[in-house]
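Encoded as structure tokens, the structure appears first; notes follow it.
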Amino acid sequence: MEHRVLATRENLPGRGLDRLSGAADVVAWPGAGKPGPADLAALAPGVNGVLALGNDPVDGALMDAAGPSLRVIALASMGFDNVDRAAAAERGIVVTHTPGVLAETTADLTFALILAARRRIGAAEASLASGSWELFRMHDYLGLDIHGATLGLIGYGQIGRAVARRAHGFGMRVLHHDPYAPDDDLSASVDLPTLLTESDIVSLHVPLTEETRHLISTRELAVMKPTATLVSTSRGGVVDEEALLHAVRDGRLHSAGLDVFEHEPMGTELSPLVAEPHVVTLPHIGSATEATRADMVDLAIDNILDVLAERPARTPLPGSPAVPGTPATTPVAGVRA
């Protein structure tokens, strides 16, 4: 076939890979685990496109291993911190991601974390499963209300707005901090200090960039209410996990709900946050429904096929070249979740 595409995994939801195989020669990493940089580099020479998951590293070395034929890197994820975007821009490689298709599903999971953390669902379930529920007592498993609470959204893109819509069903007051998003009928725009001090629940919806790394750390946690809950379905590095651990253990923060971590996947090297009774932890399942994950793969493949057919990519990241093979002339910019 005329085109060759590297897929960083060979088993993906839906039938997107079958469709891609009908238009290009697909070479996929065959291993059961996560491929390393050398594994992917060995398969890369001569490929025109790379289809990657959100935590598979795509750096300048991999791009160089592919050579000048590489025209597009398509991520089956909303996040993009696994790609060296500056290196791609220098080489004239289009980088795409999958906004839109996962917003509603991730918002559902965000609210699941809010409910689980505030109402101490995990601790209550563990007590039941261990056989410890032997007597009804009024003070057992006491959590905090969600209805009527103030929700603060840091980042107010597609996912943030979807969470805001759900919050109104709970009668919540909604605030947001996002320099690109003014007030609307769902939420009031405020500065970050105001959001942190007034919110009962703070939910993170920003990508991981140099500007957002450890956006929530000791200083930010110190001004939050001791009855507050921190929730993140964005990227792990946005939260300083050590600072969060101390805040929860010291009683300076009521609870947290995390779907993302600084080091993923963990294997047996668990973060101490996993064992904390006031922290609900999940293995990065924000978009994990059958339909949504298949849609993500399909959109990534649509982007590959468009670029290889010399059409504009559907969802390019800002800073990607308008024409593959031409170095980008605009700075690599941030992206809102």
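Going through the structure tokens in order, the chains are called A, B, and so on, while each chain numbers its residues from 1 and the ligands are numbered from 1 in the order shown.
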TODO: Write out as a PyMOL selection string the residues lying within 7 Å of region 239-241 of chain A, counting only C-alpha atoms and excluding same-chain residues fewer than 2 positions away.
DONE: chain A and resi 214-217+236-237+243-245
Task: Spatial neighbours of region 154-166 of chain A, 10 Å, only C-alpha atoms, chain gap at least 5 places, as number ranges by chain - done: A: 99-111, 171-182, 184-187, 189-192, 195-196, 202-207, 215, 232-234, 335-337
- [ ] Please run DSSP on the backbone and report, as an MDAnalysis selection string, all residues within region 81-138 of chain A that come out as alpha helix (DSSP H).
- [x] chainID A and resid 85:90 103:118 121:129
Let's have the selection written as a compact mmCIF listing (two decimals), in the first residue's frame, with N, CA and C atoms.
# COMPACT_ATOMS: atom_id res chain seq x y z
N ARG A 85 5.62 18.33 21.34
CA ARG A 85 4.94 19.13 20.30
C ARG A 85 5.90 20.09 19.61
N ALA A 86 6.87 20.59 20.37
CA ALA A 86 7.84 21.49 19.75
C ALA A 86 8.66 20.75 18.70
N ALA A 87 9.07 19.52 19.02
CA ALA A 87 9.83 18.72 18.05
C ALA A 87 8.99 18.43 16.81
N ALA A 88 7.71 18.14 17.02
CA ALA A 88 6.83 17.88 15.88
C ALA A 88 6.66 19.13 15.02
N ALA A 89 6.50 20.27 15.66
CA ALA A 89 6.33 21.52 14.91
C ALA A 89 7.58 21.83 14.08
N GLU A 90 8.75 21.61 14.67
CA GLU A 90 10.00 21.87 13.94
C GLU A 90 10.12 20.99 12.70
N ALA A 103 -16.07 14.32 26.13
CA ALA A 103 -16.42 15.32 27.14
C ALA A 103 -17.54 14.86 28.07
N GLU A 104 -18.62 14.36 27.50
CA GLU A 104 -19.78 13.97 28.32
C GLU A 104 -19.44 12.77 29.20
N THR A 105 -18.72 11.80 28.63
CA THR A 105 -18.35 10.61 29.40
C THR A 105 -17.43 10.96 30.55
N THR A 106 -16.45 11.84 30.31
CA THR A 106 -15.54 12.25 31.37
C THR A 106 -16.26 13.07 32.43
N ALA A 107 -17.23 13.86 32.02
CA ALA A 107 -18.03 14.61 32.99
C ALA A 107 -18.84 13.67 33.89
N ASP A 108 -19.35 12.59 33.32
CA ASP A 108 -20.04 11.58 34.15
C ASP A 108 -19.11 11.04 35.23
N LEU A 109 -17.89 10.69 34.82
CA LEU A 109 -16.93 10.12 35.75
C LEU A 109 -16.52 11.15 36.79
N THR A 110 -16.40 12.40 36.39
CA THR A 110 -16.09 13.47 37.35
C THR A 110 -17.13 13.52 38.45
N PHE A 111 -18.39 13.45 38.06
CA PHE A 111 -19.44 13.50 39.07
C PHE A 111 -19.46 12.24 39.92
N ALA A 112 -19.10 11.11 39.34
CA ALA A 112 -18.99 9.89 40.15
C ALA A 112 -17.94 10.07 41.24
N LEU A 113 -16.82 10.69 40.91
CA LEU A 113 -15.78 10.95 41.91
C LEU A 113 -16.25 11.93 42.97
N ILE A 114 -16.96 12.96 42.54
CA ILE A 114 -17.49 13.93 43.51
C ILE A 114 -18.40 13.22 44.51
N LEU A 115 -19.32 12.42 44.01
CA LEU A 115 -20.26 11.71 44.88
C LEU A 115 -19.54 10.72 45.79
N ALA A 116 -18.60 9.96 45.22
CA ALA A 116 -17.91 8.93 46.00
C ALA A 116 -17.06 9.55 47.10
N ALA A 117 -16.35 10.65 46.77
CA ALA A 117 -15.46 11.26 47.75
C ALA A 117 -16.24 11.99 48.84
N ARG A 118 -17.22 12.79 48.44
CA ARG A 118 -17.98 13.57 49.44
C ARG A 118 -18.80 12.66 50.36
N ILE A 121 -18.21 6.88 49.89
CA ILE A 121 -18.77 5.64 49.39
C ILE A 121 -17.75 4.51 49.44
N GLY A 122 -16.50 4.79 49.09
CA GLY A 122 -15.49 3.75 49.10
C GLY A 122 -15.26 3.17 50.48
N ALA A 123 -15.17 4.04 51.50
CA ALA A 123 -14.95 3.57 52.87
C ALA A 123 -16.14 2.77 53.37
N ALA A 124 -17.35 3.22 53.01
CA ALA A 124 -18.55 2.50 53.44
C ALA A 124 -18.63 1.13 52.78
N GLU A 125 -18.30 1.07 51.50
CA GLU A 125 -18.32 -0.22 50.79
C GLU A 125 -17.29 -1.18 51.37
N ALA A 126 -16.10 -0.66 51.69
CA ALA A 126 -15.05 -1.51 52.27
C ALA A 126 -15.48 -2.06 53.63
N SER A 127 -16.15 -1.24 54.40
CA SER A 127 -16.63 -1.69 55.71
C SER A 127 -17.65 -2.83 55.55
N LEU A 128 -18.55 -2.66 54.60
CA LEU A 128 -19.54 -3.70 54.34
C LEU A 128 -18.87 -4.99 53.87
N ALA A 129 -17.95 -4.88 52.93
CA ALA A 129 -17.30 -6.06 52.36
C ALA A 129 -16.45 -6.81 53.39
Open item on the list: Given only C-alpha atoms as the basis, pick out the residue of A:Arg249, A:Arg293, A:Arg311, A:Arg71 nearest to Leu12 (chain A).
Closed with: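 When distances to Leu12 (chain A) are compared using only C-alpha atoms, the smallest one comes from A:Arg293.
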Task: Residue contacts of Asp84 (chain A) (8 Å, only C-alpha atoms) excluding same-chain residues fewer than 5 positions away, as a PyMOL selection string - done: chain A and resi 58-60
